[in-house]
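Asks: Take a look at data_17.cif, mmCIF, C-alpha atoms:
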data_model
loop_
_atom_site.label_atom_id
_atom_site.label_comp_id
_atom_site.auth_asym_id
_atom_site.auth_seq_id
_atom_site.Cartn_x
_atom_site.Cartn_y
_atom_site.Cartn_z
CA MET A 784 2.38 -13.79 15.38
CA ILE A 785 2.84 -17.16 13.70
CA PRO A 786 0.39 -18.36 11.05
CA ALA A 787 -1.18 -21.81 11.23
CA ALA A 788 0.66 -24.35 9.09
CA PHE A 789 -0.07 -24.38 5.37
CA ASP A 790 1.30 -25.66 2.06
CA TYR A 791 2.84 -23.31 -0.47
CA SER A 792 3.27 -23.23 -4.25
CA ALA A 793 4.84 -20.57 -6.44
CA PRO A 794 3.58 -21.15 -10.02
CA SER A 795 5.39 -19.50 -12.93
CA THR A 796 2.37 -19.23 -15.23
CA LEU A 797 -1.30 -18.38 -14.89
CA GLY A 798 -2.10 -21.86 -16.22
CA GLU A 799 -0.23 -23.48 -13.34
CA ALA A 800 -2.01 -21.14 -10.91
CA PHE A 801 -5.44 -22.14 -12.23
CA ALA A 802 -4.54 -25.83 -11.92
CA LEU A 803 -3.52 -25.29 -8.31
CA LEU A 804 -6.71 -23.34 -7.56
CA LYS A 805 -8.74 -26.20 -9.01
CA ARG A 806 -6.85 -28.87 -7.09
CA HIS A 807 -7.09 -27.12 -3.71
CA GLY A 808 -10.60 -25.67 -3.90
CA ASP A 809 -11.54 -23.59 -0.86
CA GLU A 810 -8.30 -24.30 0.93
CA ALA A 811 -6.49 -22.22 -1.70
CA LYS A 812 -5.70 -18.51 -1.35
CA ILE A 813 -3.79 -16.28 -3.74
CA LEU A 814 -0.74 -14.45 -2.34
CA ALA A 815 0.03 -11.19 -4.12
CA GLY A 816 1.64 -8.46 -1.99
CA GLY A 817 0.48 -10.28 1.11
CA HIS A 818 0.05 -7.15 3.21
CA SER A 819 -3.64 -7.72 3.84
CA LEU A 820 -3.47 -11.52 3.90
CA ILE A 821 -0.36 -12.25 5.95
CA PRO A 822 -1.28 -9.93 8.85
CA MET A 823 -4.62 -11.78 9.02
CA MET A 824 -2.86 -15.13 8.98
CA LYS A 825 -0.47 -14.03 11.72
CA LEU A 826 -3.45 -13.19 13.93
CA ARG A 827 -5.08 -16.45 12.78
CA PHE A 828 -8.13 -14.62 11.41
CA ALA A 829 -7.40 -16.52 8.20
CA SER A 830 -5.86 -19.97 7.85
CA PRO A 831 -5.92 -21.11 4.23
CA GLY A 832 -4.51 -24.60 3.75
CA HIS A 833 -2.67 -23.80 0.52
CA ILE A 834 -1.05 -20.50 -0.47
CA ILE A 835 -0.55 -19.85 -4.17
CA ASP A 836 2.17 -17.20 -4.56
CA ILE A 837 1.63 -15.43 -7.89
CA ASN A 838 4.60 -13.06 -7.57
CA ASN A 839 6.65 -15.10 -10.03
CA ILE A 840 4.13 -15.00 -12.88
CA PRO A 841 5.41 -12.53 -15.49
CA GLY A 842 3.20 -10.10 -17.38
CA LEU A 843 0.83 -9.11 -14.56
CA SER A 844 2.46 -5.81 -13.69
CA TYR A 845 2.05 -2.89 -16.08
CA ILE A 846 0.52 0.54 -16.54
CA LYS A 847 -0.36 1.37 -20.13
CA GLU A 848 -2.67 3.46 -22.24
CA GLU A 849 -4.58 1.40 -24.76
CA GLY A 850 -7.51 2.70 -26.75
CA THR A 851 -9.87 4.59 -24.49
CA TYR A 852 -8.49 3.08 -21.27
CA VAL A 853 -5.55 3.09 -18.96
CA LYS A 854 -4.92 -0.55 -18.14
CA ILE A 855 -3.18 -1.53 -14.92
CA GLY A 856 -1.94 -5.06 -14.26
CA ALA A 857 -3.16 -6.52 -10.97
CA MET A 858 0.35 -7.14 -9.64
CA THR A 859 1.39 -3.49 -10.07
CA ARG A 860 2.80 -2.40 -6.69
CA GLU A 861 1.41 0.72 -4.99
CA VAL A 862 4.80 2.40 -5.24
CA GLU A 863 4.79 1.90 -9.01
CA LEU A 864 1.44 3.71 -9.22
CA GLU A 865 2.82 6.53 -7.09
CA GLU A 866 5.79 6.95 -9.41
CA SER A 867 4.05 6.43 -12.75
CA ASP A 868 4.09 9.39 -15.15
CA ILE A 869 0.89 8.20 -16.82
CA ILE A 870 -0.92 8.09 -13.49
CA LYS A 871 0.51 11.41 -12.31
CA LYS A 872 -0.69 13.07 -15.49
CA LYS A 873 -4.07 11.43 -16.00
CA TYR A 874 -5.25 10.46 -12.51
CA PRO A 875 -3.88 12.58 -9.67
CA ILE A 876 -6.68 10.97 -7.63
CA PHE A 877 -4.62 7.77 -7.69
CA ILE A 878 -1.54 9.50 -6.38
CA ASP A 879 -3.65 10.95 -3.54
CA ALA A 880 -4.85 7.46 -2.65
CA SER A 881 -1.55 5.63 -3.10
CA LYS A 882 0.26 8.09 -0.83
CA LEU A 883 -2.30 7.47 1.91
CA ILE A 884 -2.15 3.70 1.73
CA ALA A 885 -0.24 2.44 4.76
CA ASP A 886 3.44 3.43 4.52
CA PRO A 887 6.40 3.21 2.11
CA GLN A 888 7.44 -0.32 3.06
CA VAL A 889 3.91 -1.66 2.63
CA ARG A 890 3.60 0.21 -0.68
CA ASN A 891 6.71 -1.56 -1.96
CA MET A 892 4.90 -4.89 -1.65
CA GLY A 893 1.15 -4.18 -1.76
CA THR A 894 -0.52 -4.52 -5.15
CA ILE A 895 -3.53 -2.72 -6.57
CA GLY A 896 -5.10 -6.05 -7.56
CA GLY A 897 -4.75 -7.37 -4.05
CA ASN A 898 -6.12 -4.16 -2.53
CA ILE A 899 -9.30 -4.59 -4.59
CA ALA A 900 -9.62 -8.39 -4.57
CA HIS A 901 -9.36 -8.52 -0.78
CA GLY A 902 -12.88 -7.11 -0.66
CA ASP A 903 -12.32 -4.94 2.39
CA ALA A 904 -14.25 -1.68 2.47
CA ALA A 905 -11.41 -0.26 4.56
CA ASN A 906 -8.98 -0.45 1.67
CA ASP A 907 -8.52 2.79 -0.23
CA HIS A 908 -8.57 1.80 -3.89
CA PRO A 909 -12.20 0.58 -4.05
CA ALA A 910 -13.59 4.09 -3.48
CA VAL A 911 -11.27 5.46 -6.17
CA MET A 912 -12.38 2.70 -8.55
CA LEU A 913 -16.01 3.63 -7.90
CA ALA A 914 -15.34 7.30 -8.59
CA LEU A 915 -13.57 6.42 -11.84
CA ARG A 916 -16.13 3.78 -12.88
CA ALA A 917 -13.34 1.26 -13.41
CA GLU A 918 -13.79 -2.19 -14.91
CA ILE A 919 -12.23 -5.26 -13.38
CA VAL A 920 -10.82 -8.02 -15.58
CA ILE A 921 -11.12 -11.47 -14.01
CA THR A 922 -9.32 -14.37 -15.66
CA ALA A 923 -9.97 -18.10 -15.42
CA GLU A 924 -8.69 -21.18 -17.22
CA ASN A 925 -11.07 -20.64 -20.12
CA GLY A 926 -10.62 -16.90 -20.62
CA SER A 927 -11.34 -13.48 -19.14
CA ARG A 928 -14.44 -11.54 -18.26
CA VAL A 929 -14.93 -7.88 -17.46
CA VAL A 930 -16.97 -6.83 -14.42
CA PRO A 931 -18.00 -3.20 -13.94
CA ILE A 932 -16.96 -1.95 -10.51
CA ASP A 933 -20.57 -1.50 -9.41
CA GLU A 934 -21.06 -5.26 -9.74
CA PHE A 935 -17.79 -6.22 -8.08
CA PHE A 936 -18.27 -5.90 -4.31
CA PHE A 937 -20.77 -8.18 -2.56
CA GLY A 938 -20.00 -8.11 1.10
CA PHE A 939 -17.35 -8.40 3.72
CA TYR A 940 -14.30 -9.95 1.96
CA SER A 941 -16.67 -11.03 -0.78
CA THR A 942 -16.15 -9.99 -4.40
CA ALA A 943 -17.13 -11.12 -7.88
CA VAL A 944 -13.95 -13.20 -8.14
CA GLN A 945 -15.15 -16.82 -8.09
CA PRO A 946 -13.18 -19.90 -7.00
CA GLY A 947 -10.72 -20.77 -9.72
CA GLU A 948 -10.45 -17.18 -10.94
CA ILE A 949 -7.78 -14.51 -10.55
CA LEU A 950 -8.19 -10.74 -10.82
CA THR A 951 -5.65 -9.81 -13.49
CA GLU A 952 -6.29 -6.26 -14.68
CA ILE A 953 -8.01 -2.99 -13.85
CA LYS A 954 -9.30 -0.88 -16.76
CA ILE A 955 -9.95 2.77 -16.20
CA PRO A 956 -11.71 4.93 -18.79
CA LEU A 957 -9.44 7.72 -19.94
CA PRO A 958 -10.44 11.00 -18.34
CA GLY A 959 -11.90 13.46 -20.80
CA LYS A 960 -11.04 17.10 -21.13
CA GLY A 961 -11.96 19.08 -18.04
CA SER A 962 -11.72 16.04 -15.80
CA GLY A 963 -10.25 16.16 -12.32
CA GLY A 964 -10.33 14.05 -9.20
CA ALA A 965 -9.06 13.87 -5.67
CA TYR A 966 -9.02 11.48 -2.74
CA HIS A 967 -8.58 12.16 0.93
CA LYS A 968 -9.05 10.16 4.06
CA LEU A 969 -9.16 11.04 7.71
CA GLU A 970 -6.91 8.77 9.76
CA ARG A 971 -5.89 8.70 13.41
CA LYS A 972 -2.25 8.42 12.50
CA VAL A 973 -0.09 7.91 9.45
CA GLY A 974 -0.67 4.53 7.93
CA ASP A 975 -3.99 3.84 9.63
CA TYR A 976 -7.12 2.66 7.86
CA ALA A 977 -9.63 5.43 7.11
CA THR A 978 -11.90 6.87 9.77
CA ALA A 979 -13.64 8.03 6.61
CA GLY A 980 -12.35 8.39 3.06
CA VAL A 981 -13.83 10.13 0.01
CA ALA A 982 -12.92 9.80 -3.66
CA VAL A 983 -14.35 12.29 -6.16
CA GLN A 984 -13.85 12.41 -9.91
CA LEU A 985 -15.62 15.16 -11.87
CA THR A 986 -15.73 16.33 -15.45
CA MET A 987 -16.47 20.02 -15.80
CA ASP A 988 -17.62 21.99 -18.83
CA LYS A 989 -16.86 25.50 -17.61
CA ASP A 990 -18.93 25.65 -14.42
CA THR A 991 -21.25 22.79 -15.27
CA CYS A 992 -20.60 19.27 -14.11
CA THR A 993 -21.01 16.66 -16.83
CA TYR A 994 -19.75 13.64 -14.87
CA ALA A 995 -19.58 12.91 -11.18
CA GLY A 996 -18.17 9.86 -9.45
CA VAL A 997 -18.09 9.70 -5.66
CA GLY A 998 -16.83 6.71 -3.68
CA LEU A 999 -16.62 6.29 0.10
CA THR A 1000 -14.07 4.30 2.10
CA ASN A 1001 -14.71 2.42 5.34
CA VAL A 1002 -18.09 3.91 6.17
CA ASN A 1003 -20.14 0.99 4.89
CA ALA A 1004 -19.96 -2.80 4.83
CA ILE A 1005 -18.97 -2.65 1.17
CA PRO A 1006 -17.24 0.22 -0.69
CA LEU A 1007 -20.07 2.66 -1.34
CA ARG A 1008 -21.00 4.79 -4.30
CA ALA A 1009 -22.63 8.02 -3.11
CA SER A 1010 -25.26 7.88 -5.86
CA ARG A 1011 -27.50 10.65 -4.57
CA SER A 1012 -24.49 12.96 -4.32
CA GLU A 1013 -23.54 12.16 -7.90
CA GLY A 1014 -27.12 12.61 -9.08
CA ILE A 1015 -27.51 16.08 -7.67
CA LEU A 1016 -24.37 17.36 -9.38
CA LYS A 1017 -24.65 15.88 -12.82
CA GLY A 1018 -25.71 18.35 -15.50
CA LYS A 1019 -25.81 21.27 -13.08
CA LYS A 1020 -23.76 24.38 -12.49
CA ILE A 1021 -21.70 23.70 -9.39
CA THR A 1022 -22.32 26.02 -6.48
CA ASP A 1023 -21.33 25.85 -2.85
CA ALA A 1024 -24.94 25.12 -1.95
CA LEU A 1025 -24.97 22.14 -4.31
CA ILE A 1026 -21.74 20.77 -2.85
CA GLU A 1027 -23.22 21.17 0.64
CA GLN A 1028 -26.25 19.15 -0.46
CA ALA A 1029 -24.09 16.46 -2.05
CA ALA A 1030 -22.04 16.23 1.12
CA GLN A 1031 -25.19 15.94 3.22
CA PHE A 1032 -26.52 13.12 1.03
CA ALA A 1033 -23.25 11.20 1.35
CA ALA A 1034 -23.31 11.55 5.13
CA GLU A 1035 -26.89 10.23 5.21
CA ASP A 1036 -26.42 7.38 2.75
CA CYS A 1037 -23.46 5.62 4.30
CA SER A 1038 -23.62 3.18 7.24
CA PRO A 1039 -20.51 3.64 9.32
CA SER A 1040 -19.87 1.28 12.23
CA ALA A 1041 -18.86 2.70 15.58
CA ASP A 1042 -15.37 1.63 16.52
CA LEU A 1043 -12.18 3.01 18.03
CA ARG A 1044 -11.95 5.48 15.18
CA GLY A 1045 -15.23 7.14 16.13
CA ASP A 1046 -18.93 6.71 16.66
CA GLU A 1047 -21.52 6.79 13.90
CA GLU A 1048 -22.38 10.47 14.31
CA PHE A 1049 -18.74 11.48 14.17
CA LYS A 1050 -18.02 9.42 11.08
CA ARG A 1051 -21.03 10.83 9.25
CA ALA A 1052 -19.91 14.35 10.10
CA MET A 1053 -16.45 13.52 8.78
CA VAL A 1054 -17.87 12.15 5.54
CA LYS A 1055 -19.73 15.41 5.05
CA ALA A 1056 -16.66 17.53 5.71
CA LEU A 1057 -14.45 15.39 3.51
CA VAL A 1058 -16.88 15.36 0.58
CA LYS A 1059 -16.84 19.16 0.56
CA ARG A 1060 -13.09 19.35 0.79
CA VAL A 1061 -12.41 16.70 -1.81
CA MET A 1062 -15.00 18.08 -4.22
CA HIS A 1063 -13.39 21.50 -4.15
CA LYS A 1064 -10.03 19.92 -4.88
CA ALA A 1065 -11.48 17.87 -7.74
CA ILE A 1066 -13.06 20.98 -9.27
CA GLU A 1067 -9.78 22.84 -8.99
CA ARG A 1068 -7.98 20.05 -10.82
CA ALA A 1069 -10.71 19.80 -13.44
CA LYS A 1070 -10.18 23.41 -14.48
CA MET B 298 6.68 -29.57 4.88
CA GLU B 299 9.99 -27.74 4.50
CA LYS B 300 11.20 -26.28 1.26
CA GLU B 301 14.68 -25.27 0.22
CA ILE B 302 15.49 -21.67 -0.62
CA LYS B 303 18.60 -19.94 -1.90
CA ILE B 304 19.16 -16.37 -0.81
CA THR B 305 22.00 -13.88 -0.81
CA ILE B 306 22.26 -12.28 2.62
CA ASN B 307 24.56 -9.31 3.07
CA GLY B 308 26.52 -10.45 0.04
CA GLU B 309 26.81 -14.10 1.04
CA GLU B 310 24.93 -16.88 -0.76
CA LYS B 311 23.12 -19.30 1.51
CA THR B 312 20.90 -22.32 1.05
CA LEU B 313 18.37 -22.86 3.79
CA LYS B 314 15.32 -24.95 4.60
CA ALA B 315 12.11 -23.25 5.69
CA GLU B 316 8.56 -24.35 6.33
CA PRO B 317 5.99 -22.28 4.45
CA ARG B 318 4.72 -20.43 7.53
CA LEU B 319 8.19 -19.29 8.61
CA LEU B 320 8.22 -15.50 8.41
CA LEU B 321 11.23 -13.86 6.80
CA VAL B 322 12.00 -12.01 10.04
CA HIS B 323 12.25 -15.34 11.87
CA LEU B 324 14.48 -16.81 9.16
CA ILE B 325 16.81 -13.83 9.55
CA ARG B 326 16.81 -13.77 13.34
CA GLU B 327 16.72 -17.46 14.18
CA ASN B 328 18.00 -19.47 11.23
CA LEU B 329 20.67 -16.94 10.27
CA ASN B 330 21.33 -15.59 13.78
CA LEU B 331 21.21 -11.99 12.57
CA THR B 332 19.38 -10.41 15.47
CA GLY B 333 19.88 -6.79 14.46
CA THR B 334 16.50 -6.99 12.73
CA HIS B 335 13.85 -6.56 15.43
CA ILE B 336 10.25 -7.53 16.02
CA GLY B 337 8.34 -4.64 17.59
CA CYS B 338 4.67 -5.40 17.03
CA ASP B 339 2.15 -8.02 15.97
CA THR B 340 0.37 -5.92 13.37
CA SER B 341 2.86 -4.90 10.65
CA ASN B 342 2.85 -1.33 11.99
CA CYS B 343 6.15 -0.54 13.67
CA GLY B 344 8.76 -1.13 10.96
CA ALA B 345 11.43 -2.42 13.35
CA CYS B 346 11.71 -5.47 11.11
CA THR B 347 12.51 -3.43 7.98
CA ILE B 348 15.17 -4.92 5.70
CA LEU B 349 16.12 -4.46 2.05
CA LEU B 350 14.81 -7.14 -0.31
CA ASP B 351 16.39 -6.70 -3.74
CA GLY B 352 17.06 -3.12 -2.66
CA LYS B 353 13.48 -2.31 -1.61
CA SER B 354 12.71 -1.59 2.03
CA VAL B 355 10.07 -4.02 3.24
CA LYS B 356 8.67 -5.29 6.53
CA SER B 357 10.19 -8.72 6.95
CA CYS B 358 7.52 -9.75 9.48
CA THR B 359 4.89 -9.58 6.73
CA ILE B 360 6.77 -11.67 4.18
CA LEU B 361 7.19 -15.43 4.11
CA ALA B 362 10.75 -16.73 4.08
CA LEU B 363 9.89 -18.70 0.95
CA GLN B 364 9.07 -15.46 -0.87
CA ALA B 365 12.75 -14.46 -0.53
CA HIS B 366 13.95 -17.40 -2.64
CA GLY B 367 16.42 -16.17 -5.25
CA LYS B 368 16.57 -12.67 -3.81
CA LYS B 369 19.17 -10.44 -2.15
CA ILE B 370 18.65 -9.39 1.43
CA THR B 371 20.45 -6.60 3.27
CA THR B 372 20.12 -6.34 7.03
CA VAL B 373 21.70 -3.82 9.39
CA GLU B 374 24.65 -6.18 9.77
CA GLY B 375 25.38 -5.62 6.09
CA LEU B 376 25.62 -1.84 6.18
CA ALA B 377 29.17 -1.31 7.40
CA THR B 378 32.06 -2.27 5.15
CA ALA B 379 35.75 -2.92 5.72
CA GLU B 380 36.24 0.82 5.14
CA GLY B 381 33.95 1.76 8.01
CA LEU B 382 30.41 2.72 8.89
CA HIS B 383 27.77 3.37 6.25
CA PRO B 384 26.98 7.12 6.02
CA ILE B 385 23.57 6.45 7.55
CA GLN B 386 25.15 4.75 10.56
CA GLU B 387 27.54 7.65 10.93
CA GLY B 388 24.61 10.04 10.67
CA PHE B 389 22.71 8.26 13.43
CA LYS B 390 25.79 8.17 15.63
CA GLU B 391 26.81 11.81 15.14
CA ASN B 392 23.29 13.19 15.54
CA HIS B 393 22.23 11.17 18.60
CA ALA B 394 19.42 9.67 16.56
CA LEU B 395 18.92 6.71 18.86
CA HIS B 396 18.26 6.13 22.56
CA CYS B 397 17.34 2.51 23.05
CA GLY B 398 18.22 1.61 19.48
CA PHE B 399 15.29 -0.75 18.94
CA CYS B 400 13.85 1.07 15.91
CA THR B 401 17.27 2.01 14.58
CA PRO B 402 18.13 -0.86 12.23
CA GLY B 403 14.74 -0.57 10.54
CA MET B 404 15.02 3.22 10.37
CA MET B 405 18.46 3.06 8.79
CA LEU B 406 17.53 0.52 6.14
CA ARG B 407 14.44 2.54 5.23
CA ALA B 408 16.65 5.64 5.02
CA VAL B 409 19.05 3.80 2.69
CA GLU B 410 16.27 3.19 0.16
CA LEU B 411 14.85 6.68 0.70
CA LEU B 412 18.18 8.32 -0.11
CA GLN B 413 18.87 5.96 -2.99
CA LYS B 414 15.61 7.06 -4.65
CA ASN B 415 15.68 10.68 -3.50
CA PRO B 416 19.28 11.76 -2.82
CA ASN B 417 18.35 15.24 -1.59
CA PRO B 418 15.04 14.96 0.23
CA THR B 419 13.27 17.85 1.94
CA GLU B 420 12.45 17.54 5.62
CA GLU B 421 8.83 16.81 4.73
CA GLU B 422 9.89 14.06 2.32
CA ILE B 423 12.05 12.50 5.02
CA ARG B 424 9.22 12.55 7.57
CA TRP B 425 6.80 10.97 5.07
CA GLY B 426 9.57 8.64 4.01
CA ILE B 427 10.00 7.19 7.50
CA SER B 428 6.28 7.10 8.25
CA GLY B 429 6.43 3.31 8.32
CA ASN B 430 8.93 3.27 11.18
CA LEU B 431 7.85 4.09 14.71
CA CYS B 432 10.20 5.39 17.41
CA ARG B 433 9.15 5.65 21.04
CA CYS B 434 12.28 7.35 22.32
CA THR B 435 13.65 10.16 20.21
CA GLY B 436 10.73 12.21 18.96
CA TYR B 437 12.10 11.74 15.42
CA ASN B 438 13.87 15.12 15.08
CA ASN B 439 17.37 13.71 15.40
CA ILE B 440 16.46 10.85 13.09
CA VAL B 441 15.53 13.42 10.45
CA LYS B 442 18.83 15.19 11.06
CA ALA B 443 20.68 11.90 10.72
CA VAL B 444 19.06 11.24 7.34
CA GLN B 445 19.91 14.76 6.19
CA TYR B 446 23.50 14.25 7.37
CA ALA B 447 23.78 10.93 5.56
CA GLY B 448 22.31 12.46 2.41
CA ALA B 449 24.83 15.29 2.47
CA LYS B 450 27.69 12.86 3.04
CA MET B 451 26.58 10.66 0.16
CA ARG B 452 26.26 13.69 -2.12
CA GLY B 453 29.80 14.69 -1.17
CA GLU B 454 28.61 17.96 0.34
CA LYS B 455 29.48 19.83 3.51
CA LEU B 456 28.06 17.99 6.49
CA PRO B 457 25.33 19.80 8.41
CA SER B 458 25.89 20.72 12.03
CA THR B 459 25.26 17.97 14.58
CA GLU B 460 24.41 20.50 17.28
CA PRO B 461 21.04 19.84 18.92
CA ILE B 462 18.04 21.82 17.69
CA PHE B 463 16.32 23.91 20.34
CA VAL B 464 12.77 24.65 19.27
#
Could you render the structure as C-alpha cells?

Replies:
Amino acid sequence: MIPAAFDYSAPSTLGEAFALLKRHGDEAKILAGGHSLIPMMKLRFASPGHIIDINNIPGLSYIKEEGTYVKIGAMTREVELEESDIIKKKYPIFIDASKLIADPQVRNMGTIGGNIAHGDAANDHPAVMLALRAEIVITAENGSRVVPIDEFFFGFYSTAVQPGEILTEIKIPLPGKGSGGAYHKLERKVGDYATAGVAVQLTMDKDTCTYAGVGLTNVNAIPLRASRSEGILKGKKITDALIEQAAQFAAEDCSPSADLRGDEEFKRAMVKALVKRVMHKAIERAK
Amino acid sequence: MEKEIKITINGEEKTLKAEPRLLLVHLIRENLNLTGTHIGCDTSNCGACTILLDGKSVKSCTILALQAHGKKITTVEGLATAEGLHPIQEGFKENHALHCGFCTPGMMLRAVELLQKNPNPTEEEIRWGISGNLCRCTGYNNIVKAVQYAGAKMRGEKLPSTEPIFV
C-alpha cells in the first residue's frame, strides 16, 4: 500500500527533465498519469529512486491535424481522447479503446503516452497503434526521432525509449476515404485488463480491402500484430469465409498465457471470436 | 526528504509538508484529519478514495500528495454548505442509496463530476459513469436513482419518486 521511499522532482521544462534523467540514470522514472506506475510502486513491484513528474511541463498535451497526420501529445489524458471531436470523427477505434480503459477516474489521469511507454501488452492503446500503423516520437536533449510502431515494443516493460529519452508525441496517419476501425476487449468485469482484445482498422474500396491493420491486446508477451490475418485480407474482396480465416490465423499466431482470466485454449478461442466481431464492425464503419 | 505543498482543501488554503511517497489519500485522511475519504482496496480498483482534484474525479490512493501542489481538492466534507446538503447528498439520503456508507463519499464525488459534465444522463450513462466505484451493499440501483434525483434537482425539475423499484 505504501511505496518504498524515493526522491521527487517536478521540472517545468523538457530541458530540466532531461537533465534530471541524466543525473539519476537508472534510478529515474518518469511520472505521467501514474496509473500504471503508482499501483506497481504501492505493491513494491517497482521502486525507482527518483520520480520525475512531467505533469507541469506545458505543450505536451494536444490533439491536432497537421499535414497527413493526426498528432497527439503524450500527456493527453484518456478522457480528452474520449471527448475529442477530431478523434470521434476520424478514429472511432480510439473512442472504443478509451472507453474500455479502466474507469472514468483513471481516465481523468491516465495519459496515452504513458499507456504506450509503459510497455505492457495488457494496455489497450498498443494494439490500436499497431492497427493504425502509428509512429512514436521520442525526444532527447539533442532532438527527436520517430520510431514506427512495429519497432517500438521489445519485451515485457521494454520499449524503444532509451535512458535519457521521453516519449512526447504519437503520430497517426490520417485515415483515407473508406476507412473504418473498431476495438473491443473481453474483460471479466468493468475496468479489468483484457482477457483478449482486438483492434482492427480497414480501408475498403467497395467490397475490396485495400488496407488492413490488426493488433492484439494481452495475448502475447508484447503487443502483437496479426500479420497473417492482415495479409489474407489485403487486396481481396471481403467475405465471411475470409474473415473466418483471418480470425483463425490470429488465434494461432498469438501466445496467450494461462492466468485467472482463462487458459490458453480459452483465450485463443476468444481472440478468434473477437476478430470476427471487430472486423464486421470495422467494415460497417468503413462503408 | 519532506517537501512543502500548498493546496486548497474544501475552500481553505493550507500549507503542508509531505514526503514524496505520501499518497494523497493519506495526506487527506491523516495530515488533514478528513476521514470521509476511504481506502477500500490495495489495487486502485474500488474508488472509495475518489475526490475532486481541480474539479476532476480521481482516485486519491493512486496520486502522490506532492502532485496536488497548487491544486484545489474537494472531499465529501466539502459538499454541504451553510444552506444545507448538496443535491447529491440529498439524493443518496432520500433514495436509500447507502447501507454501510463506505463507498458513498467516493460515489457522490464521482456523481458530482458526472452531473457537471452531463447534466441529464441516461441510466446507461450513469452506470458507465460510476463504473470506477464499487459497492458491496446496495446492488447499485438506488445509487442510480440517487444520481437521477440529484440531476433533476440541479436542473430545477420535478424530483423523481423515491419509492423503491420492484423488478

Asks: As a list in words, could you give me every residue of chain A near chain B (at most 7 Å apart, counting all atoms listed in the file)?

Replies: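 Selected residues: Met784, Pro786, Ala788, Phe789, Asp790, Tyr791, His818, Ile821, Pro822, Asp886, Pro887, Gln888, Val889, Asn891 and Val973 of chain A.
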
Asks: What separation in Å, quoted to one decimal, exists between CA of Ala793 (chain A) and CA of Ile835 (chain A)?

Replies: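 Here the two named atoms are 5.9 Å from each other.
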
Asks: Which residue gives the smallest distance to His383 (chain B) among B:Lys303, B:Gly333, B:Leu321, B:Val409, with only C-alpha atoms counted?

Replies: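 Among B:Lys303, B:Gly333, B:Leu321, B:Val409, it is B:Val409 that comes nearest to His383 (chain B).
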
Asks: Write out as a list in words which residues come within 9 Å of Thr312 (chain B) when counting all atoms listed in the file, dropping same-chain ones fewer than 6 positions away.

Replies: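 So, after excluding close chain neighbours, the residues are Glu301, Ile302, Lys303, Ile304 and Thr305 of chain B.
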
Asks: Need the neighbours of (-7.9, 12.2, -18.5): which residues are at most 10 Å away, counting only C-alpha atoms, as a VMD selection string?

Replies: chain A and resid 851 to 853 869 to 870 872 to 875 955 to 964 986 1069
